[in-house]
Amino acid sequence: MIRHSKPLALPLALTLAFAAGSVFAQAGQTVKIGFIDPLSGPFANVGQNQLKGWQFMAEQLSKKNPAGVKFEIVAFDNKGSPQESLTVLRAAIDQGIRYVTQGNGSGAAAAISDAVQKHNDRTPGKEVVFLNYAAVDPSLTNERCSYWHFRLDADTSMKMEALTSYMKDQPDVKNVFLINQNYAHGQQVSRYFKDTMARKRPDVKIVGDDLHPLGQVKDFAPFIAKIKASGADSIVTGNWGQDLTLLVKAANDAGLKASFYTYYAGVSGTPTALAAGVGGPVRQVGILDNSMASVVAFQNEYKKRFNDDWYTGQTYNGIALLAEAMAKAKSVDPVKVAAAMSGIKFMGFNGEVEMRKTDHQLQQPMVISEWRKATAKFPYSVENTGFNFQSIKAIPSFIASTPTSCQMKRP
Amino acid sequence: MDASYFLISLLNGLSVGLLLFMLASGLTLIFSMMGVLNFAHASFYMVGAYVAYSITQAVGFWWGLLLAPPFVGLMGAAFERFALRKVHKFGHVPELLITFGLSYILLELVQLVWGRSAMNFLPPESLRGPLFTIIDQPGALSAAWGTPPEVCKAAGAVCTTFPAFRAFGMAVAVLMLVAVWLLLTRTRIGLVIQAALTHPEMVESLGHNVPRVLMMVFGGGTALAALAGVIGGALRVTEPSMALAVGAVVFAVIVIGGMGSLAGAFVASVGLGVIESFAVGSDRSIADGLTWLGMQVSPETFGFAVWSVKISQVAAILPFLLLVLILIFRPKGLFGTREG
């Protein structure tokens, strides 16, 4: 269809049209993100809060983002089970959803990562991208790594590096009791703590190392009796949701004075239990706390809307990551966006972060915080308790970074 | 094992056991009277907790404790009158199935009304603190009422507090046991119930309304479950999976104790509670036992993964292990009278 009457004008027009199209092709489009997590059962409160967190961030970042796209969250209840996760993943794909996110439970995350990899191998042209926002099993970015899996949270090995780099300087940490949920995550918290601490503080004694069923224990009093009898001064636990809430409750009931070193003390339900009283200091390793100005701004807005706390910082970084990559790829096509995400550097709420190319593990600064009374300087009230988590040590990206054995197959 | 640990574990075990007994007593009572294994029993426990929670939010805990059991009891009686009695003539299997169905309906109803998350159901203000403190100083064991005294701040002293609400739950269970026992053995209605148990036709021809007696027993049994729910909900956590969490264990309790035996249910529930409490604290494994017998056990030994499992890790399945053993060696249970 090349006409020779206007030899210059047409190619120019085509080029311009193409350029304009490629810049703005993605702008104004709606990107649906399938949210797959427990919305019923013992961990429903956590899943419900995080769903609202994603919806909130989708809304906030849809107003203004470099790609100019709109984000929409579609919720699926996986009841916490890997089996159900696959069923709802299928449902999400059938609805035409090309981006899925999940976080609660490394078992479910591994199942989704596998299924997404297989789906993408079998049905080219309909690829799906998996944003793992909270499942912290290191194997997902090591021996079981997948090109389509992107982890937004720091994995257990990184959190343990960060946590122990604080604990090693605490002279009162002498006898440590490990209590964890009996599944991949809990077992890894226990293993990585023992490995890292043996390297950093060989004098610290492990006086107990217990694994209990996930979400099944309703009465932690016998465990607390055991911890007391062991003479532990510190407890390290990767427990989350109800398993941490009930543990804290039982510890307070029995008058336990040990310090708690946790991953998830800020997760729904636990702050209320902490406010009822706790014998020793409670510290948390994570990517955010309530003394970070960028976090509190979002938290105030979130609380106004839902009367709940926003604590899943990964929801911001996840949507920011997608928006940055879509702007860079000039497309919402998952194949192009995945290629753009691999190795991208962008500003997260917690500073500059990088989606490491070799294993798709986000490299980011972390923070150790402590549960304290709200002050004039840090007034945020978690779960309306009058308390919050305040920074006690900032951990830069390079300290928390851990090597990977991932041999990624790129398409 | 030091003395304070032993004492506190025993108390924890007793409190868990007594809570289990409150549930098991209603179940075993209904079974002995009607020959119906009520699958929805634990669901009434859950409903009791939720109803009490709602009443507590409105007018306070004590009203919840007082009103929730009769309310749930009425629900149970209505279910017996309008559903269970209708299928009675078709035999035990339809009766079993209808209670099974009811357990699902109750679960869905609770989730519709109260949602799927856990409720923040707390004991009343007056019962939130510790009841007493066990003080373990080198060479001396003592106890003090209320909050930990000054000596606890001294080095070497280990103080463990026992929550008042736990003790309150135990007291309620014991009172309930005595009340049920008195009702069954010392009152006229109790005599009718006992007679209806073995000779329903005779009781009927003496002019007693046996179906109404059965309805009262069913309602009473569910009220007891609801009472356990009020205590259990505030002590542990009020959430939709709470029925599932205790349901299976309660069945183990009544089978071990002997179907239909109140004394058996008491011994089995207290026994299981104490066993579980101590099992959680034990880090021994079969491998330790074998080593003690003089055998060499190392990670290379065949089946090491099984031998090295700690007792604390299997604590949760101990009730079911006992259940299987009882069914094999004594099918009628510890105190049962019927042949399994």
# chains A, B, ... in the order shown; residues from 1 in each chain; ligands from 1

call {"tool": "residues_around", "arguments": {"residues": "B:Val87", "least_positions_apart": "6", "cutoff": "9 Å", "atoms": "only C-alpha atoms", "output": "count of residues only"}}
result
3

call {"tool": "select_by_dssp", "arguments": {"residues": "stretch 31-129 of chain B", "states": "helix (DSSP H, G or I)", "output": "count of residues only"}}
result
77

call {"tool": "residues_around", "arguments": {"residues": "stretch 393-396 of chain A", "least_positions_apart": "6", "cutoff": "6 Å", "atoms": "only C-alpha atoms", "output": "PDB file with C-alpha atoms, in the first residue's frame"}}
result
ATOM      1  CA  PRO A 365      16.592  -2.479  52.792  1.00  0.00           C
ATOM      2  CA  MET A 366      15.124  -3.986  55.952  1.00  0.00           C
ATOM      3  CA  VAL A 367      14.485  -2.835  59.478  1.00  0.00           C
ATOM      4  CA  ILE A 368      14.393  -4.225  63.009  1.00  0.00           C
TER       5      ILE A 368
END

call {"tool": "closest_atom_pairs", "arguments": {"of": "chain B", "to": "chain A", "cutoff": "9 Å", "atoms": "only C-alpha atoms", "output": "CSV"}}
result
residue,atom,partner,partner_atom,distance
B:Met1,CA,A:Ala229,CA,8.3
B:Asp2,CA,A:Ala229,CA,7.6
B:Ser4,CA,A:Ala229,CA,8.2
B:Tyr5,CA,A:Ala229,CA,6.0
B:Phe6,CA,A:Ala225,CA,8.9
B:Ile8,CA,A:Ala225,CA,6.8
B:Ser9,CA,A:Pro222,CA,6.2
B:Asn12,CA,A:Ala221,CA,6.7
B:Gly13,CA,A:Pro222,CA,8.0
B:Val16,CA,A:Asp219,CA,8.4
B:Gly115,CA,A:Ser40,CA,8.7
B:Arg116,CA,A:Ser40,CA,5.3
B:Ser117,CA,A:Asn45,CA,5.1
B:Ala118,CA,A:Asn45,CA,7.1
B:Asn120,CA,A:Gly269,CA,8.6
B:Arg128,CA,A:Asp253,CA,8.6
B:Gly129,CA,A:Asp253,CA,7.6
B:Pro130,CA,A:Asp253,CA,6.9
B:Thr133,CA,A:Ala254,CA,8.7
B:Pro148,CA,A:Gly255,CA,8.4
B:Val158,CA,A:Lys228,CA,7.9
B:Cys159,CA,A:Gly255,CA,7.4
B:Thr160,CA,A:Ala254,CA,5.3
B:Thr161,CA,A:Ala254,CA,4.6
B:Phe162,CA,A:Ala254,CA,5.9
B:Pro163,CA,A:Asp253,CA,5.6
B:Leu235,CA,A:Asp219,CA,8.5
B:Arg236,CA,A:Lys218,CA,5.9
B:Val237,CA,A:Lys218,CA,7.1
B:Glu239,CA,A:Pro42,CA,7.2
B:Pro240,CA,A:Gly41,CA,6.9
B:Ser241,CA,A:Gly41,CA,6.4
B:Met242,CA,A:Lys218,CA,8.5
B:Ala245,CA,A:Gln216,CA,7.0
B:Glu276,CA,A:Pro222,CA,8.5
B:Ser277,CA,A:Pro222,CA,5.4
B:Phe278,CA,A:Pro222,CA,7.4
B:Ala279,CA,A:Pro222,CA,8.9
B:Val280,CA,A:Pro222,CA,6.3
B:Gly281,CA,A:Lys226,CA,5.3
B:Ser282,CA,A:Lys226,CA,8.5
B:Asp283,CA,A:Asp210,CA,8.9
B:Ser312,CA,A:Asp210,CA,7.9
B:Gln313,CA,A:His212,CA,6.6
B:Ala316,CA,A:Pro213,CA,8.2

call {"tool": "write_last_selection", "arguments": {"atoms": "N, CA and C atoms", "output": "short mmCIF file (atom, residue, chain, number, x, y, z; two decimals), in the first residue's frame"}}
result
data_model
loop_
_atom_site.label_atom_id
_atom_site.label_comp_id
_atom_site.auth_asym_id
_atom_site.auth_seq_id
_atom_site.Cartn_x
_atom_site.Cartn_y
_atom_site.Cartn_z
N MET B 1 12.93 -33.18 85.69
CA MET B 1 11.77 -32.28 85.55
C MET B 1 11.55 -31.55 86.87
N ASP B 2 11.54 -30.21 86.80
CA ASP B 2 11.40 -29.52 88.07
C ASP B 2 9.93 -29.40 88.49
N SER B 4 7.93 -26.97 89.58
CA SER B 4 6.96 -25.96 89.14
C SER B 4 6.46 -26.29 87.73
N TYR B 5 7.37 -26.84 86.91
CA TYR B 5 6.96 -27.23 85.57
C TYR B 5 5.92 -28.34 85.64
N PHE B 6 6.19 -29.30 86.53
CA PHE B 6 5.26 -30.43 86.70
C PHE B 6 3.88 -29.93 87.13
N ILE B 8 2.52 -26.88 86.90
CA ILE B 8 1.80 -26.03 85.95
C ILE B 8 1.30 -26.86 84.77
N SER B 9 2.10 -27.86 84.37
CA SER B 9 1.64 -28.71 83.28
C SER B 9 0.43 -29.52 83.70
N ASN B 12 -2.50 -27.13 83.65
CA ASN B 12 -2.91 -26.88 82.26
C ASN B 12 -3.67 -28.07 81.70
N GLY B 13 -3.12 -29.26 81.96
CA GLY B 13 -3.76 -30.48 81.47
C GLY B 13 -5.15 -30.65 82.05
N VAL B 16 -7.61 -28.19 80.40
CA VAL B 16 -8.00 -28.65 79.06
C VAL B 16 -8.94 -29.84 79.17
N GLY B 115 -19.25 -13.86 60.12
CA GLY B 115 -18.08 -13.75 59.25
C GLY B 115 -17.08 -14.86 59.51
N ARG B 116 -16.02 -14.84 58.74
CA ARG B 116 -15.07 -15.95 58.77
C ARG B 116 -13.86 -15.70 59.67
N SER B 117 -13.69 -14.48 60.14
CA SER B 117 -12.51 -14.20 60.97
C SER B 117 -12.78 -14.52 62.43
N ALA B 118 -11.70 -14.53 63.20
CA ALA B 118 -11.82 -14.79 64.63
C ALA B 118 -12.40 -13.57 65.34
N ASN B 120 -12.87 -11.20 68.76
CA ASN B 120 -12.06 -10.84 69.91
C ASN B 120 -12.88 -11.02 71.18
N ARG B 128 -9.35 -11.44 84.28
CA ARG B 128 -8.28 -11.42 83.29
C ARG B 128 -6.90 -11.64 83.88
N GLY B 129 -6.69 -11.27 85.11
CA GLY B 129 -5.36 -11.37 85.70
C GLY B 129 -5.03 -12.79 86.12
N PRO B 130 -3.89 -12.95 86.76
CA PRO B 130 -3.54 -14.27 87.29
C PRO B 130 -4.27 -14.56 88.60
N THR B 133 0.38 -17.39 91.75
CA THR B 133 1.69 -17.50 91.15
C THR B 133 2.44 -18.64 91.82
N PRO B 148 2.39 -11.68 90.66
CA PRO B 148 3.67 -12.15 91.20
C PRO B 148 4.20 -11.22 92.28
N VAL B 158 11.91 -18.54 89.57
CA VAL B 158 11.10 -18.67 88.37
C VAL B 158 9.64 -18.62 88.80
N CYS B 159 8.92 -17.63 88.30
CA CYS B 159 7.52 -17.48 88.70
C CYS B 159 6.61 -17.77 87.52
N THR B 160 5.62 -18.61 87.74
CA THR B 160 4.66 -18.89 86.70
C THR B 160 3.28 -18.54 87.23
N THR B 161 2.55 -17.71 86.47
CA THR B 161 1.22 -17.34 86.93
C THR B 161 0.18 -18.26 86.31
N PHE B 162 -0.90 -18.47 87.03
CA PHE B 162 -2.00 -19.28 86.52
C PHE B 162 -3.20 -18.37 86.32
N PRO B 163 -3.69 -18.25 85.07
CA PRO B 163 -4.74 -17.28 84.79
C PRO B 163 -6.03 -17.59 85.54
N LEU B 235 -11.55 -18.50 76.42
CA LEU B 235 -10.23 -18.98 76.86
C LEU B 235 -9.29 -19.13 75.67
N ARG B 236 -9.81 -19.65 74.58
CA ARG B 236 -8.97 -19.91 73.42
C ARG B 236 -9.27 -18.86 72.36
N VAL B 237 -10.05 -19.24 71.34
CA VAL B 237 -10.35 -18.28 70.30
C VAL B 237 -11.69 -18.65 69.68
N GLU B 239 -13.78 -18.77 66.58
CA GLU B 239 -13.66 -18.71 65.13
C GLU B 239 -14.35 -19.92 64.51
N PRO B 240 -14.67 -19.87 63.21
CA PRO B 240 -15.46 -20.94 62.62
C PRO B 240 -14.83 -22.33 62.69
N SER B 241 -13.50 -22.42 62.78
CA SER B 241 -12.90 -23.75 62.79
C SER B 241 -12.83 -24.33 64.20
N MET B 242 -13.40 -23.63 65.20
CA MET B 242 -13.27 -24.12 66.58
C MET B 242 -14.03 -25.44 66.78
N ALA B 245 -11.89 -28.23 65.48
CA ALA B 245 -10.70 -28.46 66.29
C ALA B 245 -10.99 -29.38 67.48
N GLU B 276 -1.73 -34.95 77.04
CA GLU B 276 -1.31 -34.05 75.97
C GLU B 276 -0.42 -32.94 76.50
N SER B 277 -0.79 -32.41 77.65
CA SER B 277 -0.02 -31.32 78.23
C SER B 277 1.42 -31.75 78.51
N PHE B 278 1.59 -32.96 79.03
CA PHE B 278 2.95 -33.42 79.31
C PHE B 278 3.68 -33.86 78.04
N ALA B 279 2.92 -34.41 77.08
CA ALA B 279 3.55 -34.87 75.85
C ALA B 279 4.19 -33.70 75.10
N VAL B 280 3.50 -32.53 75.11
CA VAL B 280 4.03 -31.37 74.42
C VAL B 280 5.40 -30.98 74.98
N GLY B 281 5.56 -31.18 76.28
CA GLY B 281 6.80 -30.78 76.93
C GLY B 281 7.92 -31.80 76.84
N SER B 282 7.63 -32.97 76.26
CA SER B 282 8.65 -34.02 76.27
C SER B 282 9.40 -34.09 74.95
N ASP B 283 10.71 -34.06 75.03
CA ASP B 283 11.52 -34.14 73.82
C ASP B 283 12.08 -35.53 73.58
N SER B 312 6.74 -34.64 71.61
CA SER B 312 6.03 -33.37 71.49
C SER B 312 5.45 -33.18 70.09
N GLN B 313 6.11 -33.78 69.10
CA GLN B 313 5.61 -33.62 67.74
C GLN B 313 4.37 -34.45 67.46
N ALA B 316 -0.38 -34.12 69.26
CA ALA B 316 -1.71 -33.85 68.72
C ALA B 316 -2.43 -35.12 68.27
#

call {"tool": "select_by_dssp", "arguments": {"residues": "stretch 140-322 of chain B", "states": "strand (DSSP E)", "output": "VMD selection string"}}
result
chain B and resid 140 to 145 158 to 163

call {"tool": "closest_residue", "arguments": {"among": "A:Leu244, A:Val204, A:Gly286, A:Gly53", "to": "A:Asp172", "atoms": "only C-alpha atoms"}}
result
A:Val204

call {"tool": "residues_around", "arguments": {"residues": "B:Phe21", "least_positions_apart": "5", "cutoff": "9 Å", "atoms": "only C-alpha atoms", "output": "ChimeraX atom specification"}}
result
/B:16,26,173,177,228,250,253,265-270
